[in-house]
file target-v4.cif (mmCIF, C-alpha atoms and all ligand atoms)
data_final
loop_
_atom_site.label_atom_id
_atom_site.label_comp_id
_atom_site.auth_asym_id
_atom_site.auth_seq_id
_atom_site.Cartn_x
_atom_site.Cartn_y
_atom_site.Cartn_z
CA MET A 1 3.34 -0.81 -4.50
CA ARG A 2 2.60 2.83 -3.85
CA ILE A 3 4.64 4.31 -1.00
CA ILE A 4 3.40 7.32 0.89
CA GLN A 5 6.10 8.77 3.08
CA CYS A 6 4.49 11.23 5.47
CA GLN A 7 6.04 14.14 7.33
CA SER A 8 4.57 13.09 10.68
CA LYS A 9 2.74 10.27 12.39
CA GLU A 10 -0.42 12.40 12.43
CA GLU A 11 -0.20 12.91 8.67
CA ALA A 12 0.19 9.15 8.12
CA ILE A 13 -2.84 8.42 10.28
CA LYS A 14 -4.89 11.06 8.48
CA TYR A 15 -3.83 9.65 5.11
CA VAL A 16 -5.19 6.21 6.01
CA SER A 17 -8.41 7.41 7.65
CA THR A 18 -9.09 9.60 4.60
CA LEU A 19 -8.63 6.62 2.25
CA VAL A 20 -11.30 4.74 4.20
CA ILE A 21 -13.73 7.67 4.03
CA GLU A 22 -13.04 8.04 0.29
CA LYS A 23 -13.85 4.36 -0.13
CA ILE A 24 -17.31 4.73 1.43
CA GLU A 25 -17.81 7.90 -0.61
CA SER A 26 -17.31 5.90 -3.83
CA LYS A 27 -18.95 2.71 -2.51
CA PRO A 28 -21.30 3.25 0.45
CA ASN A 29 -21.79 -0.50 0.92
CA ALA A 30 -18.07 -1.27 0.83
CA VAL A 31 -16.67 -4.35 2.54
CA ILE A 32 -13.81 -3.19 4.75
CA GLY A 33 -11.18 -5.35 6.39
CA LEU A 34 -9.93 -4.05 9.73
CA ALA A 35 -6.62 -4.65 11.44
CA THR A 36 -6.10 -4.50 15.17
CA GLY A 37 -2.95 -3.46 17.02
CA ARG A 38 -1.81 -0.19 18.52
CA THR A 39 -1.03 1.34 15.14
CA MET A 40 -4.67 1.42 14.11
CA ILE A 41 -6.18 2.92 17.27
CA PRO A 42 -5.59 6.55 16.20
CA VAL A 43 -6.80 5.74 12.67
CA TYR A 44 -10.17 4.62 14.03
CA ALA A 45 -10.32 7.69 16.27
CA ASP A 46 -9.63 9.92 13.27
CA MET A 47 -12.24 8.13 11.16
CA LYS A 48 -14.81 9.16 13.76
CA ILE A 49 -13.73 12.81 13.50
CA LEU A 50 -13.82 12.74 9.68
CA LEU A 51 -17.23 11.06 9.63
CA GLU A 52 -18.69 13.65 11.98
CA LYS A 53 -17.52 16.39 9.60
CA SER A 54 -19.00 14.66 6.56
CA HIS A 55 -22.34 13.26 5.46
CA TYR A 56 -20.88 9.80 4.85
CA SER A 57 -21.59 6.83 7.05
CA PHE A 58 -20.60 3.21 7.57
CA LYS A 59 -24.22 2.15 8.01
CA LYS A 60 -24.26 0.14 4.77
CA CYS A 61 -20.75 -1.28 5.14
CA PHE A 62 -19.74 -4.73 6.24
CA PHE A 63 -16.51 -5.41 8.11
CA PHE A 64 -14.10 -8.29 8.48
CA MET A 65 -11.31 -8.71 10.97
CA LEU A 66 -7.94 -10.12 10.03
CA ASP A 67 -7.38 -12.35 13.02
CA GLU A 68 -8.22 -13.36 16.56
CA TYR A 69 -6.52 -15.20 19.39
CA MET A 70 -7.50 -18.83 19.96
CA GLY A 71 -8.48 -20.16 23.35
CA LEU A 72 -9.83 -17.01 24.99
CA PRO A 73 -13.27 -17.09 26.57
CA GLU A 74 -16.00 -15.16 24.68
CA ASN A 75 -15.81 -11.41 25.42
CA HIS A 76 -12.31 -11.57 26.90
CA PRO A 77 -11.12 -7.97 27.40
CA SER A 78 -7.86 -8.63 25.50
CA SER A 79 -9.56 -10.28 22.51
CA PHE A 80 -9.50 -8.48 19.19
CA LYS A 81 -13.30 -8.61 19.24
CA ASP A 82 -13.24 -6.49 22.37
CA TYR A 83 -10.71 -4.16 20.73
CA ILE A 84 -13.06 -3.68 17.78
CA ARG A 85 -16.00 -3.02 20.09
CA THR A 86 -13.99 -0.44 22.01
CA HIS A 87 -12.28 1.35 19.12
CA VAL A 88 -14.72 0.91 16.24
CA ILE A 89 -18.21 -0.37 17.03
CA LYS A 90 -19.03 1.82 20.04
CA PRO A 91 -17.39 5.10 18.94
CA LEU A 92 -18.69 4.88 15.38
CA GLY A 93 -22.18 3.77 16.45
CA LEU A 94 -22.11 0.55 14.39
CA LEU A 95 -23.91 -2.75 14.90
CA GLU A 96 -22.17 -6.03 15.68
CA SER A 97 -24.26 -7.55 12.88
CA GLN A 98 -22.15 -5.50 10.44
CA PHE A 99 -19.06 -7.47 11.46
CA ALA A 100 -17.70 -10.90 10.72
CA PHE A 101 -15.51 -11.91 13.61
CA PRO A 102 -13.06 -14.78 13.14
CA PRO A 103 -15.19 -17.69 14.41
CA VAL A 104 -12.71 -18.96 16.95
CA HIS A 105 -15.41 -20.66 19.02
CA SER A 106 -16.93 -22.58 16.08
CA GLU A 107 -16.09 -25.97 14.65
CA GLY A 108 -13.99 -25.71 11.49
CA PRO A 109 -13.38 -21.97 11.86
CA GLU A 110 -11.03 -21.78 8.86
CA LEU A 111 -13.50 -22.84 6.17
CA HIS A 112 -16.34 -21.05 7.88
CA TYR A 113 -14.52 -17.69 7.68
CA GLU A 114 -13.40 -18.22 4.09
CA GLN A 115 -17.01 -19.01 3.16
CA VAL A 116 -18.35 -15.83 4.79
CA LEU A 117 -15.65 -13.81 3.01
CA LYS A 118 -16.64 -15.34 -0.32
CA GLU A 119 -20.33 -14.69 0.26
CA SER A 120 -19.62 -11.03 1.06
CA GLY A 121 -18.29 -10.53 -2.47
CA GLY A 122 -14.78 -9.94 -1.15
CA VAL A 123 -13.03 -7.18 0.74
CA ASP A 124 -12.88 -3.82 -1.07
CA LEU A 125 -10.33 -2.21 1.21
CA GLN A 126 -8.17 -4.11 3.69
CA LEU A 127 -6.31 -2.16 6.38
CA LEU A 128 -3.06 -3.76 7.50
CA GLY A 129 -0.42 -3.20 10.11
CA ILE A 130 2.91 -4.96 10.16
CA GLY A 131 4.62 -6.83 12.97
CA GLY A 132 8.22 -6.07 13.88
CA ASN A 133 9.12 -9.43 12.28
CA GLY A 134 7.20 -8.67 9.08
CA HIS A 135 4.03 -10.53 9.99
CA VAL A 136 0.73 -9.48 8.49
CA GLY A 137 -2.45 -10.37 10.36
CA PHE A 138 -0.89 -13.27 12.23
CA ASN A 139 0.91 -14.68 9.19
CA GLU A 140 4.22 -15.22 10.87
CA PRO A 141 7.57 -15.76 9.10
CA GLY A 142 7.38 -19.06 7.22
CA SER A 143 3.83 -18.43 6.01
CA LEU A 144 3.21 -19.21 2.36
CA LYS A 145 2.06 -16.80 -0.33
CA ASN A 146 -1.01 -18.92 -1.06
CA SER A 147 -1.91 -19.54 2.61
CA ARG A 148 -5.58 -19.37 3.54
CA THR A 149 -7.38 -18.69 6.81
CA ARG A 150 -5.95 -21.07 9.37
CA ILE A 151 -4.86 -21.55 12.96
CA VAL A 152 -1.30 -20.36 13.40
CA ARG A 153 1.28 -20.62 16.16
CA LEU A 154 2.61 -17.25 17.29
CA THR A 155 6.34 -16.67 17.34
CA PRO A 156 8.23 -15.71 20.51
CA GLU A 157 8.76 -12.18 19.07
CA THR A 158 5.03 -11.68 18.53
CA LEU A 159 4.16 -13.09 21.95
CA LYS A 160 6.65 -10.69 23.50
CA ALA A 161 5.39 -7.71 21.50
CA ASN A 162 1.75 -8.31 22.48
CA ALA A 163 2.03 -9.81 25.97
CA ASP A 164 1.45 -6.47 27.65
CA GLN A 165 -2.11 -6.49 26.30
CA PHE A 166 -2.89 -9.37 28.65
CA VAL A 167 -3.28 -9.50 32.42
CA ASP A 168 -0.18 -11.27 33.81
CA ASN A 169 1.17 -11.47 30.23
CA GLN A 170 -0.93 -14.64 29.76
CA ILE A 171 -1.13 -14.36 26.00
CA PRO A 172 -2.52 -17.26 23.91
CA THR A 173 0.05 -18.97 21.73
CA GLU A 174 -2.26 -19.55 18.78
CA ALA A 175 -4.51 -17.43 16.62
CA LEU A 176 -6.90 -17.74 13.70
CA SER A 177 -5.63 -15.54 10.88
CA MET A 178 -6.69 -14.81 7.33
CA GLY A 179 -3.94 -16.25 5.13
CA ILE A 180 -1.67 -14.27 2.85
CA GLY A 181 -3.55 -15.67 -0.15
CA THR A 182 -6.84 -14.63 1.48
CA ILE A 183 -5.59 -11.10 2.16
CA TYR A 184 -4.17 -10.83 -1.36
CA GLU A 185 -7.67 -11.30 -2.80
CA SER A 186 -8.80 -7.97 -1.31
CA LYS A 187 -9.37 -5.39 -4.02
CA SER A 188 -7.06 -2.91 -2.32
CA LEU A 189 -4.61 -3.07 0.56
CA VAL A 190 -3.47 -0.21 2.78
CA MET A 191 -0.63 -0.92 5.18
CA LEU A 192 0.26 1.61 7.87
CA ALA A 193 3.56 1.49 9.75
CA THR A 194 4.42 4.05 12.40
CA GLY A 195 7.23 4.26 14.90
CA LYS A 196 10.85 3.19 15.22
CA SER A 197 9.93 -0.41 16.10
CA LYS A 198 8.76 -0.92 12.50
CA ALA A 199 11.82 0.57 10.76
CA ASP A 200 13.70 -2.73 10.32
CA ALA A 201 10.63 -4.57 9.01
CA ILE A 202 9.97 -1.75 6.53
CA LYS A 203 13.60 -1.75 5.37
CA TYR A 204 13.39 -5.51 4.82
CA LEU A 205 10.07 -5.17 3.03
CA MET A 206 11.52 -2.56 0.69
CA ASN A 207 14.51 -4.72 -0.23
CA HIS A 208 12.97 -8.18 -0.60
CA HIS A 209 10.28 -9.79 -2.66
CA ASP A 210 8.22 -12.94 -2.04
CA ASP A 211 10.35 -13.79 0.97
CA PRO A 212 8.69 -16.14 3.49
CA SER A 213 10.86 -14.78 6.30
CA CYS A 214 8.93 -11.49 5.93
CA PRO A 215 5.37 -12.37 4.86
CA ALA A 216 4.56 -8.72 4.08
CA THR A 217 6.82 -9.05 1.01
CA PHE A 218 4.22 -11.36 -0.58
CA LEU A 219 1.85 -8.41 -0.90
CA LYS A 220 4.21 -6.13 -2.81
CA ASP A 221 3.02 -7.14 -6.25
CA HIS A 222 -0.65 -6.63 -5.40
CA PRO A 223 -1.96 -4.19 -8.03
CA HIS A 224 -3.46 -1.87 -5.39
CA PHE A 225 -1.13 -1.94 -2.40
CA THR A 226 -0.45 1.36 -0.62
CA LEU A 227 2.21 1.51 2.09
CA VAL A 228 1.87 4.53 4.37
CA LEU A 229 4.86 5.41 6.56
CA ASP A 230 5.61 7.95 9.23
CA PRO A 231 9.18 9.36 9.45
CA GLU A 232 10.29 6.85 12.10
CA ALA A 233 9.03 3.78 10.26
CA ALA A 234 10.71 5.13 7.11
CA SER A 235 13.94 6.06 8.90
CA LYS A 236 15.98 3.13 7.52
CA ILE A 237 14.98 3.41 3.89
CA ASN A 238 16.05 5.88 1.27
CA LEU A 239 13.38 6.39 -1.33
CA ASN A 240 15.61 8.69 -3.36
CA ILE A 241 17.98 5.90 -4.36
C1 LIG A 301 -0.77 -7.64 15.74
C2 LIG A 301 -1.88 -8.01 14.75
C3 LIG A 301 -1.61 -7.37 13.42
C4 LIG A 301 -0.96 -6.03 13.67
C5 LIG A 301 0.43 -6.26 14.17
C6 LIG A 301 1.11 -5.00 14.63
O1 LIG A 301 -0.50 -8.57 16.64
N1 LIG A 301 -2.13 -9.39 14.57
O2 LIG A 301 -2.81 -7.27 12.68
O3 LIG A 301 -0.88 -5.31 12.47
O4 LIG A 301 0.44 -7.25 15.15
O5 LIG A 301 0.61 -4.56 15.84
P1 LIG A 301 0.90 -3.10 16.42
O6 LIG A 301 0.13 -2.15 15.57
O7 LIG A 301 0.39 -3.14 17.84
O8 LIG A 301 2.35 -2.88 16.34
#
call {"tool": "encode", "arguments": {"input": "target-v4.cif", "output": "structure tokens"}}
result
Amino acid sequence: MRIIQCQSKEEAIKYVSTLVIEKIESKPNAVIGLATGRTMIPVYADMKILLEKSHYSFKKCFFFMLDEYMGLPENHPSSFKDYIRTHVIKPLGLLESQFAFPPVHSEGPELHYEQVLKESGGVDLQLLGIGGNGHVGFNEPGSLKNSRTRIVRLTPETLKANADQFVDNQIPTEALSMGIGTIYESKSLVMLATGKSKADAIKYLMNHHDDPSCPATFLKDHPHFTLVLDPEAASKINLNI
């Protein structure tokens, strides 16, 4: 695991957005896995700025999403699909046909998504956030290292952390999430953690390995895993020890 401890939140965001641009520089038809959540919003905004300054484009790329809530009507404003439209597709001028959305309205969504992932040739670069309880995608504590795309039940901590994204806090209790084993097959992983609310999860991640109570620990031995931290997220670890 490569750890990048940044001097500011802005620097951490810029580090991640630059990695994505470098990926399309080296592989214009890269397959990129996107994470949702508040952490990633400024990364997508910065990607737009960097793209406008460069001659690179995402036109040949294909994108996957990590997860989606179950049980929401199509086009629900709090769905992750809507998030991706708002923060990625519209601002970057992309087409919905460049995206594989977790098929939450299809029969057998788990196998369907795994099949589309396989047919794409696999994810070249997967962006990841981390939940305050160490979840990745929606792989909550208790998830297995070899878990695949599946419907998961969200923990009370996750429901609480994300309820404010929903009118009247009516958040679904289940989601479809790529599994840890699915995520691990990406050629490279970039996890961004910013803010004080992530400090405990990052401390736990640093000190544990293959621990189901913090699913992010399963990714530590991935050969190309970069963890990017701002000062607050890194405030409970000491990299000099
Ligand atoms: C969300 C998503 C994750 C995200 C994490 C952290 O619910 N399922 O992909 O990384 O929880 O979210 P945030 O960035 O809002 O803290």
call {"tool": "axis_aligned_box", "arguments": {"input": "target-v4.cif", "around": "ligand LIG 301 (chain A)", "padding_each_side": "5 Å", "output": "JSON"}}
result
{"center_x": -0.2, "center_y": -5.8, "center_z": 15.2, "size_x": 15.2, "size_y": 17.2, "size_z": 15.4}
call {"tool": "atom_distance", "arguments": {"input": "target-v4.cif", "atom1": "atom CA of A:Arg150", "atom2": "atom CA of A:Gly121"}}
result
20.1 Å
call {"tool": "residues_near_ligand", "arguments": {"input": "target-v4.cif", "ligand": "ligand LIG 301 (chain A)", "cutoff": "10 Å", "atoms": "all atoms listed in the file", "output": "ChimeraX atom specification"}}
result
/A:34-41,65-69,80,127-140,154,158-159,161-163,165,175-177,191-195,197-198
call {"tool": "write_last_selection", "arguments": {"input": "target-v4.cif", "atoms": "C-alpha atoms", "output": "JSON list (two decimals), keeping the file's coordinate frame"}}
result
[["chain", "number", "residue", "atom", "x", "y", "z"],
["A", 34, "LEU", "CA", -9.93, -4.05, 9.73],
["A", 35, "ALA", "CA", -6.62, -4.65, 11.44],
["A", 36, "THR", "CA", -6.10, -4.50, 15.17],
["A", 37, "GLY", "CA", -2.95, -3.46, 17.02],
["A", 38, "ARG", "CA", -1.81, -0.19, 18.52],
["A", 39, "THR", "CA", -1.03, 1.34, 15.14],
["A", 40, "MET", "CA", -4.67, 1.42, 14.11],
["A", 41, "ILE", "CA", -6.18, 2.92, 17.27],
["A", 65, "MET", "CA", -11.31, -8.71, 10.97],
["A", 66, "LEU", "CA", -7.94, -10.12, 10.03],
["A", 67, "ASP", "CA", -7.38, -12.35, 13.02],
["A", 68, "GLU", "CA", -8.22, -13.36, 16.56],
["A", 69, "TYR", "CA", -6.52, -15.20, 19.39],
["A", 80, "PHE", "CA", -9.50, -8.48, 19.19],
["A", 127, "LEU", "CA", -6.31, -2.16, 6.38],
["A", 128, "LEU", "CA", -3.06, -3.76, 7.50],
["A", 129, "GLY", "CA", -0.42, -3.20, 10.11],
["A", 130, "ILE", "CA", 2.91, -4.96, 10.16],
["A", 131, "GLY", "CA", 4.62, -6.83, 12.97],
["A", 132, "GLY", "CA", 8.22, -6.07, 13.88],
["A", 133, "ASN", "CA", 9.12, -9.43, 12.28],
["A", 134, "GLY", "CA", 7.20, -8.67, 9.08],
["A", 135, "HIS", "CA", 4.03, -10.53, 9.99],
["A", 136, "VAL", "CA", 0.73, -9.48, 8.49],
["A", 137, "GLY", "CA", -2.45, -10.37, 10.36],
["A", 138, "PHE", "CA", -0.89, -13.27, 12.23],
["A", 139, "ASN", "CA", 0.91, -14.68, 9.19],
["A", 140, "GLU", "CA", 4.22, -15.22, 10.87],
["A", 154, "LEU", "CA", 2.61, -17.25, 17.29],
["A", 158, "THR", "CA", 5.03, -11.68, 18.53],
["A", 159, "LEU", "CA", 4.16, -13.09, 21.95],
["A", 161, "ALA", "CA", 5.39, -7.71, 21.50],
["A", 162, "ASN", "CA", 1.75, -8.31, 22.48],
["A", 163, "ALA", "CA", 2.03, -9.81, 25.97],
["A", 165, "GLN", "CA", -2.11, -6.49, 26.30],
["A", 175, "ALA", "CA", -4.51, -17.43, 16.62],
["A", 176, "LEU", "CA", -6.90, -17.74, 13.70],
["A", 177, "SER", "CA", -5.63, -15.54, 10.88],
["A", 191, "MET", "CA", -0.63, -0.92, 5.18],
["A", 192, "LEU", "CA", 0.26, 1.61, 7.87],
["A", 193, "ALA", "CA", 3.56, 1.49, 9.75],
["A", 194, "THR", "CA", 4.42, 4.05, 12.40],
["A", 195, "GLY", "CA", 7.23, 4.26, 14.90],
["A", 197, "SER", "CA", 9.93, -0.41, 16.10],
["A", 198, "LYS", "CA", 8.76, -0.92, 12.50]]
call {"tool": "residues_around", "arguments": {"input": "target-v4.cif", "residues": "A:Val20", "least_positions_apart": "3", "cutoff": "12 Å", "atoms": "only C-alpha atoms", "output": "mmCIF file with C-alpha atoms, keeping the file's coordinate frame"}}
result
data_model
loop_
_atom_site.group_PDB
_atom_site.id
_atom_site.type_symbol
_atom_site.label_atom_id
_atom_site.label_comp_id
_atom_site.auth_asym_id
_atom_site.auth_seq_id
_atom_site.Cartn_x
_atom_site.Cartn_y
_atom_site.Cartn_z
ATOM 1 C CA ILE A 13 -2.840 8.420 10.280
ATOM 2 C CA LYS A 14 -4.890 11.060 8.480
ATOM 3 C CA TYR A 15 -3.830 9.650 5.110
ATOM 4 C CA VAL A 16 -5.190 6.210 6.010
ATOM 5 C CA SER A 17 -8.410 7.410 7.650
ATOM 6 C CA LYS A 23 -13.850 4.360 -0.130
ATOM 7 C CA ILE A 24 -17.310 4.730 1.430
ATOM 8 C CA GLU A 25 -17.810 7.900 -0.610
ATOM 9 C CA SER A 26 -17.310 5.900 -3.830
ATOM 10 C CA LYS A 27 -18.950 2.710 -2.510
ATOM 11 C CA PRO A 28 -21.300 3.250 0.450
ATOM 12 C CA ALA A 30 -18.070 -1.270 0.830
ATOM 13 C CA VAL A 31 -16.670 -4.350 2.540
ATOM 14 C CA ILE A 32 -13.810 -3.190 4.750
ATOM 15 C CA GLY A 33 -11.180 -5.350 6.390
ATOM 16 C CA LEU A 34 -9.930 -4.050 9.730
ATOM 17 C CA VAL A 43 -6.800 5.740 12.670
ATOM 18 C CA TYR A 44 -10.170 4.620 14.030
ATOM 19 C CA ASP A 46 -9.630 9.920 13.270
ATOM 20 C CA MET A 47 -12.240 8.130 11.160
ATOM 21 C CA LYS A 48 -14.810 9.160 13.760
ATOM 22 C CA LEU A 50 -13.820 12.740 9.680
ATOM 23 C CA LEU A 51 -17.230 11.060 9.630
ATOM 24 C CA TYR A 56 -20.880 9.800 4.850
ATOM 25 C CA SER A 57 -21.590 6.830 7.050
ATOM 26 C CA PHE A 58 -20.600 3.210 7.570
ATOM 27 C CA CYS A 61 -20.750 -1.280 5.140
ATOM 28 C CA ASP A 124 -12.880 -3.820 -1.070
ATOM 29 C CA LEU A 125 -10.330 -2.210 1.210
ATOM 30 C CA GLN A 126 -8.170 -4.110 3.690
ATOM 31 C CA LEU A 127 -6.310 -2.160 6.380
ATOM 32 C CA SER A 188 -7.060 -2.910 -2.320
ATOM 33 C CA LEU A 189 -4.610 -3.070 0.560
ATOM 34 C CA VAL A 190 -3.470 -0.210 2.780
#
call {"tool": "residues_around", "arguments": {"input": "target-v4.cif", "residues": "A:Arg85", "least_positions_apart": "6", "cutoff": "12 Å", "atoms": "all atoms listed in the file", "output": "list in words"}}
result
Thr36, Ile41, Tyr44, Met65, Asn75, His76, Pro77, Ser78, Ser79, Pro91, Leu92, Gly93, Leu94, Leu95, Glu96, Ser97, Gln98, Phe99 and Phe101 of chain A
call {"tool": "atom_distance", "arguments": {"input": "target-v4.cif", "atom1": "atom CA of A:Glu232", "atom2": "atom CA of A:Gly181"}}
result
29.1 Å
call {"tool": "residues_around", "arguments": {"input": "target-v4.cif", "residues": "A:Asp221", "least_positions_apart": "3", "cutoff": "12 Å", "atoms": "only C-alpha atoms", "output": "list in words"}}
result
Met1, Arg2, Lys145, Tyr184, Glu185, Ser188, Leu189, Leu205, Met206, His208, His209, Asp210, Ala216, Thr217, Phe218, His224, Phe225 and Thr226 of chain A
call {"tool": "closest_residue", "arguments": {"input": "target-v4.cif", "among": "A:His105, A:Arg153, A:Lys196, A:Lys81", "to": "A:Ser235", "atoms": "all atoms listed in the file"}}
result
A:Lys196
call {"tool": "residues_around", "arguments": {"input": "target-v4.cif", "residues": "A:Pro172", "least_positions_apart": "4", "cutoff": "8 Å", "atoms": "only C-alpha atoms", "output": "list of chain:residue names"}}
result
A:Tyr69, A:Met70, A:Gly71, A:Leu72
call {"tool": "atom_distance", "arguments": {"input": "target-v4.cif", "atom1": "atom CA of A:Glu52", "atom2": "atom CA of A:Ile21"}}
result
11.1 Å
call {"tool": "closest_residue", "arguments": {"input": "target-v4.cif", "among": "A:Asn169, A:Ser186, A:Thr18, A:Gln115", "to": "A:Pro102", "atoms": "all atoms listed in the file"}}
result
A:Gln115
call {"tool": "residues_around", "arguments": {"input": "target-v4.cif", "residues": "A:Lys236", "least_positions_apart": "3", "cutoff": "8 Å", "atoms": "only C-alpha atoms", "output": "short mmCIF file (atom, residue, chain, number, x, y, z; two decimals) with C-alpha atoms, in the frame of the given file"}}
result
data_model
loop_
_atom_site.label_atom_id
_atom_site.label_comp_id
_atom_site.auth_asym_id
_atom_site.auth_seq_id
_atom_site.Cartn_x
_atom_site.Cartn_y
_atom_site.Cartn_z
CA ALA A 199 11.82 0.57 10.76
CA ASP A 200 13.70 -2.73 10.32
CA ILE A 202 9.97 -1.75 6.53
CA LYS A 203 13.60 -1.75 5.37
CA ALA A 233 9.03 3.78 10.26
#
call {"tool": "closest_residue", "arguments": {"input": "target-v4.cif", "among": "A:Leu229, A:Leu111, A:Ala45, A:Val104", "to": "A:His87", "atoms": "all atoms listed in the file"}}
result
A:Ala45
call {"tool": "closest_residue", "arguments": {"input": "target-v4.cif", "among": "A:Pro223, A:Pro215, A:Pro42, A:Pro73", "to": "A:Gly142", "atoms": "only C-alpha atoms"}}
result
A:Pro215
call {"tool": "closest_residue", "arguments": {"input": "target-v4.cif", "among": "A:Val88, A:Leu19, A:Pro141, A:Asp82", "to": "A:Glu157", "atoms": "all atoms listed in the file"}}
result
A:Pro141
call {"tool": "closest_residue", "arguments": {"input": "target-v4.cif", "among": "A:His222, A:Pro103, A:Pro109, A:Glu119", "to": "A:Lys187", "atoms": "all atoms listed in the file"}}
result
A:His222
call {"tool": "decode", "arguments": {"input": "target-v4.cif", "residues": "stretch 152-167 of chain A", "atoms": "N, CA, C and O atoms", "output": "PDB file, in the first residue's frame"}}
result
ATOM      1  N   VAL A 152     -26.678  -6.034  -0.266  1.00  0.00           N
ATOM      2  CA  VAL A 152     -26.215  -5.981   1.125  1.00  0.00           C
ATOM      3  C   VAL A 152     -27.176  -5.160   1.971  1.00  0.00           C
ATOM      4  O   VAL A 152     -27.871  -4.276   1.468  1.00  0.00           O
ATOM      5  N   ARG A 153     -27.188  -5.472   3.249  1.00  0.00           N
ATOM      6  CA  ARG A 153     -27.997  -4.710   4.207  1.00  0.00           C
ATOM      7  C   ARG A 153     -27.087  -3.636   4.813  1.00  0.00           C
ATOM      8  O   ARG A 153     -25.959  -3.937   5.217  1.00  0.00           O
ATOM      9  N   LEU A 154     -27.568  -2.412   4.848  1.00  0.00           N
ATOM     10  CA  LEU A 154     -26.743  -1.316   5.369  1.00  0.00           C
ATOM     11  C   LEU A 154     -26.808  -1.270   6.891  1.00  0.00           C
ATOM     12  O   LEU A 154     -27.853  -1.556   7.489  1.00  0.00           O
ATOM     13  N   THR A 155     -25.678  -0.938   7.487  1.00  0.00           N
ATOM     14  CA  THR A 155     -25.619  -0.901   8.950  1.00  0.00           C
ATOM     15  C   THR A 155     -26.256   0.395   9.475  1.00  0.00           C
ATOM     16  O   THR A 155     -26.339   1.400   8.745  1.00  0.00           O
ATOM     17  N   PRO A 156     -26.640   0.387  10.749  1.00  0.00           N
ATOM     18  CA  PRO A 156     -27.210   1.624  11.322  1.00  0.00           C
ATOM     19  C   PRO A 156     -26.258   2.817  11.181  1.00  0.00           C
ATOM     20  O   PRO A 156     -26.702   3.942  10.920  1.00  0.00           O
ATOM     21  N   GLU A 157     -24.942   2.593  11.301  1.00  0.00           N
ATOM     22  CA  GLU A 157     -23.986   3.719  11.175  1.00  0.00           C
ATOM     23  C   GLU A 157     -24.033   4.315   9.771  1.00  0.00           C
ATOM     24  O   GLU A 157     -24.011   5.531   9.593  1.00  0.00           O
ATOM     25  N   THR A 158     -24.096   3.440   8.768  1.00  0.00           N
ATOM     26  CA  THR A 158     -24.118   3.923   7.381  1.00  0.00           C
ATOM     27  C   THR A 158     -25.434   4.624   7.080  1.00  0.00           C
ATOM     28  O   THR A 158     -25.467   5.667   6.422  1.00  0.00           O
ATOM     29  N   LEU A 159     -26.528   4.063   7.584  1.00  0.00           N
ATOM     30  CA  LEU A 159     -27.836   4.698   7.363  1.00  0.00           C
ATOM     31  C   LEU A 159     -27.833   6.099   7.977  1.00  0.00           C
ATOM     32  O   LEU A 159     -28.302   7.058   7.372  1.00  0.00           O
ATOM     33  N   LYS A 160     -27.241   6.196   9.167  1.00  0.00           N
ATOM     34  CA  LYS A 160     -27.191   7.491   9.848  1.00  0.00           C
ATOM     35  C   LYS A 160     -26.309   8.479   9.065  1.00  0.00           C
ATOM     36  O   LYS A 160     -26.658   9.643   8.886  1.00  0.00           O
ATOM     37  N   ALA A 161     -25.167   7.978   8.598  1.00  0.00           N
ATOM     38  CA  ALA A 161     -24.222   8.862   7.902  1.00  0.00           C
ATOM     39  C   ALA A 161     -24.801   9.394   6.588  1.00  0.00           C
ATOM     40  O   ALA A 161     -24.458  10.492   6.159  1.00  0.00           O
ATOM     41  N   ASN A 162     -25.680   8.612   5.941  1.00  0.00           N
ATOM     42  CA  ASN A 162     -26.160   9.006   4.615  1.00  0.00           C
ATOM     43  C   ASN A 162     -27.613   9.462   4.586  1.00  0.00           C
ATOM     44  O   ASN A 162     -28.104   9.863   3.526  1.00  0.00           O
ATOM     45  N   ALA A 163     -28.293   9.402   5.728  1.00  0.00           N
ATOM     46  CA  ALA A 163     -29.730   9.721   5.742  1.00  0.00           C
ATOM     47  C   ALA A 163     -30.006  11.138   5.264  1.00  0.00           C
ATOM     48  O   ALA A 163     -31.042  11.405   4.629  1.00  0.00           O
ATOM     49  N   ASP A 164     -29.083  12.060   5.529  1.00  0.00           N
ATOM     50  CA  ASP A 164     -29.361  13.450   5.150  1.00  0.00           C
ATOM     51  C   ASP A 164     -29.364  13.665   3.639  1.00  0.00           C
ATOM     52  O   ASP A 164     -29.688  14.750   3.165  1.00  0.00           O
ATOM     53  N   GLN A 165     -29.027  12.639   2.883  1.00  0.00           N
ATOM     54  CA  GLN A 165     -29.086  12.756   1.416  1.00  0.00           C
ATOM     55  C   GLN A 165     -30.500  12.476   0.901  1.00  0.00           C
ATOM     56  O   GLN A 165     -30.749  12.519  -0.298  1.00  0.00           O
ATOM     57  N   PHE A 166     -31.384  12.106   1.826  1.00  0.00           N
ATOM     58  CA  PHE A 166     -32.740  11.716   1.436  1.00  0.00           C
ATOM     59  C   PHE A 166     -33.775  12.619   2.074  1.00  0.00           C
ATOM     60  O   PHE A 166     -33.637  12.987   3.251  1.00  0.00           O
ATOM     61  N   VAL A 167     -34.811  12.950   1.286  1.00  0.00           N
ATOM     62  CA  VAL A 167     -35.918  13.739   1.817  1.00  0.00           C
ATOM     63  C   VAL A 167     -36.504  12.957   2.998  1.00  0.00           C
ATOM     64  O   VAL A 167     -36.702  11.739   2.909  1.00  0.00           O
TER      65      VAL A 167
END
